[in-house]
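See below for the structure under consideration.
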2 protein chains.
Amino acid sequence: MDLADVEAAARRLEGVARRTPVFTSSTLDRLLGATCFLKAESFQRTGAFKFRGAYNYISAMDPGERAKGLCTVSSGNHAQAVALSAALHRVPAIVAMPSDAPRLKVAAVRNYGAEVRPLQRADSQYDVADRITAETGFAYVSSHDHSLIAAGAGTAALELFADEGPLDTLVAPVGGGGGLSGYAVVAKAQSSPARVVGVEPTGSGLASASLAAGTAVKQPVPDTIADGLRLTQLGAFNFEIIREKVDQVACVSDRAIVESMRFLFERMKLVIEPSGACSLAGLLSGTVAVSGQRVGVILSGGNVSAVSFGDLMSSSSPS
Amino acid sequence: MDLADVEAAARRLEGVARRTPVFTSSTLDRLLGATCFLKAESFQRTGAFKFRGAYNYISAMDPGERAKGLCTVSSGNHAQAVALSAALHRVPAIVAMPSDAPRLKVAAVRNYGAEVRPLQRADSQYDVADRITAETGFAYVSSHDHSLIAAGAGTAALELFADEGPLDTLVAPVGGGGGLSGYAVVAKAQSSPARVVGVEPTGSGLASASLAAGTAVKQPVPDTIADGLRLTQLGAFNFEIIREKVDQVACVSDRAIVESMRFLFERMKLVIEPSGACSLAGLLSGTVAVSGQRVGVILSGGNVSAVSFGDLMSSSSPS
């Protein structure tokens, strides 16, 4: 995958995906001694960056194959992305979602007209996908491990560089790696390439462990409030890109994620879900050093219910 | 006051105030059978529309008078607006704030370098202002009752019409009337004038009572969660404009305000404080009829702490 794939994705998404706004904060810049540009994918359709990849993948499919129907396995944001993309292409969709997936995300998937099937987080998503495709003949849409998914996600970084010019560092959350690998391809293709940093919850550590092992390791379901990053393995395709193009992977505590969400809410008036706030948590906690730099920050989604948000805020005292 | 005053304010604010973004939601449009454009003043500097009026007033002052210092009385958003505007003009400021003003707002005022003095909500703001001006020689900046304040606020409506074209209805919160009167002047000066609707909490009812009485009536401090709208009297200047140019004033319950905040958070990923969510509450509760119309909605501010937001959400079950 290279920049041309991301540019092709951008053409497919034109007039369909939203060009999300970039926010700045003088308070944040003062705290970090840096100049930060926050790309709010919470304002993307379905409330998260995942729409870019899913729509890109689905619109590039063979029309006959697509018409049979689509299925996927996802805790929420990719589920919504496939459900809406299927609806926009007027094809049926089945989504297998963990039984503990957020209420708001399950409701949104149903609202787009897809069928929701429950699964246990410990189930292998590939086994579940195999069962559904065997039963229905629907085509499986991976949540992250495909060049078209990563290229679609990469369009967010493409917009950020186009809007703000050269950046020293680009910081993004990492779960399965579909977002981070897409952003990294764009960041390293700039005439002045940016340093790329992935941030994951301490309760996961999947990308850190995989980079240390030199292969996409498998691990138990991570324990973290970042429900969008509770994966058991990086995508093999994404891992190769991350190994080659990502300069640092940092870990942040759930407490740091909550404080990042609080900052975004109170100071920037942005609703960002735990997974999406990981990137800024890396900066605010001091784990990712950016002093004196121009920094792009991907806030990858905003799908959190008001009640869940309130629970997170009251369980942790203000900083 | 007329459109020319608002246009003059827009020139003073250029490069200082932010041109705030306008958001749309297909879910909202489907619910209301209308096409809505939500102007998010939560992204204005200081987190609320009040910055526009305060900065316009202060930058139009005689420089010698301004240099002596500025003071005001406000529960929060105007307080922040004066504090920042004073700081930008490098003059000192004193702000008298109710002892029950939101923590976040008090902290922000101090952060801009202003001195905060406590007052009881029952104190007449004019008596308090007189005491401070007599003691210090600082000039008093009214929170709402001046043409420069209303004209500054009006620039938000100017931007909305410029961005979205003709609107059938413009809906905005009403407290002291400085915002609503500014918007009304702009809405009625359009070649195709818009209907103008003010929305206030049932616990206030100040504008409704004043219009019914034909004069700006005085009443006890309103009981409502909308802390920015807890005024005891409309400004006399604003009242005359509202009587002439506002077509309807509607009342909404605190419960409807909470549901409006929840909708904005979960569906639109916007952080809007209770006062700011009043306008949308008028629409979502069905109190303001807009079926088939193009509707502008002013979301006037986003200054609510994460903990207060959580408390409001958990005290009311999801709709």
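Chain labels follow the order of the structure tokens: the first chain is A, the next B, and so on; residue numbering restarts at 1 in every chain, and ligands are counted from 1 in their shown order.
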
As a ChimeraX atom specification, could you give me every residue of chain B near chain A (at most 9 Å apart, counting only C-alpha atoms)? /B:21,42-43,47,104,262-263,265-272,302-314,317-318

Just want the 8 Å neighbourhood of range 112-125 of chain A, counted on only C-alpha atoms, with same-chain residues fewer than 6 positions away dropped. Output as a count of residues only. 16

Separation of CA of Ala67 in chain A from CA of Ala54 in chain A, in Å and rounded to one decimal: 15.5 Å

Contacts of Gly214 in chain B at 12 Å or less, counting only C-alpha atoms, minus same-chain residues fewer than 5 places along, as a ChimeraX atom specification? /B:206-209,234,236,239-240,242-244

Applying 9 Å and only C-alpha atoms, which residues near range 174-188 of chain B remain after dropping the ones on its own chain fewer than 5 positions away? List them as a ChimeraX atom specification. /B:1-3,6,49-50,53,143-147,149-158,161,167,169,193-201,204,206-207,228-235,237-242,245-246,249,275,278-279,300

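Reported to one decimal place, the separation of CA of Ala226 in chain B from CA of Ala213 in chain B is 23.6 Å.
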
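Across the model, the gap from CA of Phe37 in chain B to CA of Tyr55 in chain B is 25.4 Å.
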
From range 69-218 of chain B, collect each residue whose DSSP state is strand (DSSP E or B) and return the set as a PDB file with C-alpha atoms, in the first residue's frame.
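Produced file result-v2.pdb, reproduced below:
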ATOM      1  CA  LEU B  70     -13.046  47.033  33.621  1.00  0.00           C
ATOM      2  CA  CYS B  71     -15.571  45.380  35.897  1.00  0.00           C
ATOM      3  CA  THR B  72     -18.702  43.335  35.479  1.00  0.00           C
ATOM      4  CA  VAL B  73     -21.229  41.121  37.250  1.00  0.00           C
ATOM      5  CA  ALA B  93     -10.558  43.435  35.280  1.00  0.00           C
ATOM      6  CA  ILE B  94     -12.696  42.657  38.346  1.00  0.00           C
ATOM      7  CA  VAL B  95     -15.600  40.250  38.024  1.00  0.00           C
ATOM      8  CA  ALA B  96     -18.320  39.755  40.652  1.00  0.00           C
ATOM      9  CA  MET B  97     -19.679  36.205  40.375  1.00  0.00           C
ATOM     10  CA  PRO B  98     -22.491  34.435  42.278  1.00  0.00           C
ATOM     11  CA  GLU B 115      -9.961  39.253  40.020  1.00  0.00           C
ATOM     12  CA  VAL B 116     -13.087  37.366  41.142  1.00  0.00           C
ATOM     13  CA  ARG B 117     -15.345  38.773  43.890  1.00  0.00           C
ATOM     14  CA  PRO B 118     -18.198  36.718  45.325  1.00  0.00           C
ATOM     15  CA  LEU B 119     -21.792  37.965  45.404  1.00  0.00           C
ATOM     16  CA  ALA B 139     -15.680  51.016  33.915  1.00  0.00           C
ATOM     17  CA  TYR B 140     -18.703  48.735  34.143  1.00  0.00           C
ATOM     18  CA  THR B 169     -36.923  30.270  11.513  1.00  0.00           C
ATOM     19  CA  LEU B 170     -34.089  31.209  13.850  1.00  0.00           C
ATOM     20  CA  VAL B 171     -34.250  29.748  17.360  1.00  0.00           C
ATOM     21  CA  ALA B 172     -32.102  30.962  20.278  1.00  0.00           C
ATOM     22  CA  PRO B 173     -32.024  30.845  24.078  1.00  0.00           C
ATOM     23  CA  ARG B 195     -39.247  34.128  12.027  1.00  0.00           C
ATOM     24  CA  VAL B 196     -37.434  34.546  15.347  1.00  0.00           C
ATOM     25  CA  VAL B 197     -38.133  32.376  18.390  1.00  0.00           C
ATOM     26  CA  GLY B 198     -36.631  32.755  21.863  1.00  0.00           C
ATOM     27  CA  VAL B 199     -36.600  29.787  24.229  1.00  0.00           C
ATOM     28  CA  GLU B 200     -36.350  30.134  28.011  1.00  0.00           C
ATOM     29  CA  PRO B 201     -36.596  27.670  30.909  1.00  0.00           C
ATOM     30  CA  LYS B 218     -38.626  42.052  37.641  1.00  0.00           C
TER      31      LYS B 218
END

Got a sec: who's within 7 Å of Asn56 in chain A, counting only C-alpha atoms, leaving out chain neighbours fewer than 3 positions off, as a PDB file with N, CA, C and O atoms, in the first residue's frame?
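Result went into part_27.pdb, see below:
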ATOM      1  N   ALA A   9      -8.631   6.149  -2.369  1.00  0.00           N
ATOM      2  CA  ALA A   9      -9.683   6.080  -1.348  1.00  0.00           C
ATOM      3  C   ALA A   9     -10.355   7.443  -1.190  1.00  0.00           C
ATOM      4  O   ALA A   9     -11.585   7.534  -1.082  1.00  0.00           O
ATOM      5  N   ARG A  12     -12.910   7.903  -3.792  1.00  0.00           N
ATOM      6  CA  ARG A  12     -14.136   7.133  -3.547  1.00  0.00           C
ATOM      7  C   ARG A  12     -14.994   7.765  -2.454  1.00  0.00           C
ATOM      8  O   ARG A  12     -16.209   7.693  -2.477  1.00  0.00           O
ATOM      9  N   LEU A  13     -14.318   8.384  -1.476  1.00  0.00           N
ATOM     10  CA  LEU A  13     -15.037   8.925  -0.305  1.00  0.00           C
ATOM     11  C   LEU A  13     -15.559  10.340  -0.541  1.00  0.00           C
ATOM     12  O   LEU A  13     -16.348  10.852   0.257  1.00  0.00           O
ATOM     13  N   ARG A  52     -14.512   5.562   6.967  1.00  0.00           N
ATOM     14  CA  ARG A  52     -13.650   5.780   5.801  1.00  0.00           C
ATOM     15  C   ARG A  52     -13.160   4.455   5.207  1.00  0.00           C
ATOM     16  O   ARG A  52     -13.208   4.244   3.996  1.00  0.00           O
ATOM     17  N   GLY A  53     -12.677   3.574   6.079  1.00  0.00           N
ATOM     18  CA  GLY A  53     -12.130   2.303   5.605  1.00  0.00           C
ATOM     19  C   GLY A  53     -13.206   1.365   5.093  1.00  0.00           C
ATOM     20  O   GLY A  53     -13.063   0.745   4.032  1.00  0.00           O
ATOM     21  N   SER A  59     -17.062  -0.065  -1.441  1.00  0.00           N
ATOM     22  CA  SER A  59     -17.321   0.536  -2.751  1.00  0.00           C
ATOM     23  C   SER A  59     -16.348   0.008  -3.809  1.00  0.00           C
ATOM     24  O   SER A  59     -16.629   0.103  -5.009  1.00  0.00           O
ATOM     25  N   ALA A  60     -15.212  -0.565  -3.364  1.00  0.00           N
ATOM     26  CA  ALA A  60     -14.252  -1.128  -4.322  1.00  0.00           C
ATOM     27  C   ALA A  60     -14.545  -2.596  -4.641  1.00  0.00           C
ATOM     28  O   ALA A  60     -13.902  -3.196  -5.514  1.00  0.00           O
ATOM     29  N   LEU A 148      -7.377  -1.867   1.687  1.00  0.00           N
ATOM     30  CA  LEU A 148      -8.435  -0.893   1.392  1.00  0.00           C
ATOM     31  C   LEU A 148      -8.989  -0.249   2.670  1.00  0.00           C
ATOM     32  O   LEU A 148      -9.450   0.898   2.658  1.00  0.00           O
ATOM     33  N   ILE A 149      -8.955  -1.007   3.772  1.00  0.00           N
ATOM     34  CA  ILE A 149      -9.387  -0.466   5.069  1.00  0.00           C
ATOM     35  C   ILE A 149      -8.365   0.566   5.554  1.00  0.00           C
ATOM     36  O   ILE A 149      -8.711   1.689   5.935  1.00  0.00           O
ATOM     37  N   GLY A 152      -8.398   3.688   3.374  1.00  0.00           N
ATOM     38  CA  GLY A 152      -9.551   4.537   3.691  1.00  0.00           C
ATOM     39  C   GLY A 152      -9.278   5.369   4.932  1.00  0.00           C
ATOM     40  O   GLY A 152      -9.495   6.582   4.946  1.00  0.00           O
TER      41      GLY A 152
END

What are the DSSP alpha helix (DSSP H) residues of range 43-225 of chain B, as an MDAnalysis selection string? chainID B and resid 50:60 63:67 77:88 103:111 125:136 147:164 178:188 206:213

For Leu31 in chain A, find every residue with an atom within 10 Å (counting only C-alpha atoms), except residues of its own chain fewer than 3 positions away, and show them as a list in words.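 Here the answer would be Ser25, Ser26, Thr27, Leu28, Ala34, Leu283, Leu284 and Ser291 of chain A.
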
Could the residues in this selection be written to a file with N, CA, C and O atoms, as a short mmCIF file (atom, residue, chain, number, x, y, z; two decimals), in the first residue's frame?
data_model
loop_
_atom_site.label_atom_id
_atom_site.label_comp_id
_atom_site.auth_asym_id
_atom_site.auth_seq_id
_atom_site.Cartn_x
_atom_site.Cartn_y
_atom_site.Cartn_z
N SER A 25 -6.12 24.45 20.50
CA SER A 25 -6.39 24.96 21.85
C SER A 25 -5.13 25.63 22.38
O SER A 25 -4.08 24.98 22.50
N SER A 26 -5.25 26.92 22.70
CA SER A 26 -4.07 27.62 23.22
C SER A 26 -3.69 27.05 24.59
O SER A 26 -2.51 27.01 24.94
N THR A 27 -4.69 26.58 25.34
CA THR A 27 -4.39 25.96 26.65
C THR A 27 -3.55 24.69 26.46
O THR A 27 -2.55 24.49 27.15
N LEU A 28 -3.96 23.86 25.51
CA LEU A 28 -3.22 22.63 25.24
C LEU A 28 -1.80 22.95 24.78
O LEU A 28 -0.83 22.35 25.25
N ALA A 34 3.89 23.05 22.61
CA ALA A 34 3.87 22.58 21.21
C ALA A 34 2.68 23.23 20.50
O ALA A 34 1.92 23.97 21.12
N LEU A 283 0.02 12.40 24.98
CA LEU A 283 0.66 13.72 25.08
C LEU A 283 0.50 14.31 26.48
O LEU A 283 1.47 14.75 27.09
N LEU A 284 -0.73 14.32 27.00
CA LEU A 284 -1.00 14.96 28.29
C LEU A 284 -0.27 14.25 29.43
O LEU A 284 0.09 14.87 30.43
N SER A 291 7.73 18.59 22.73
CA SER A 291 8.07 19.99 23.00
C SER A 291 8.66 20.69 21.77
O SER A 291 9.57 20.17 21.14
#
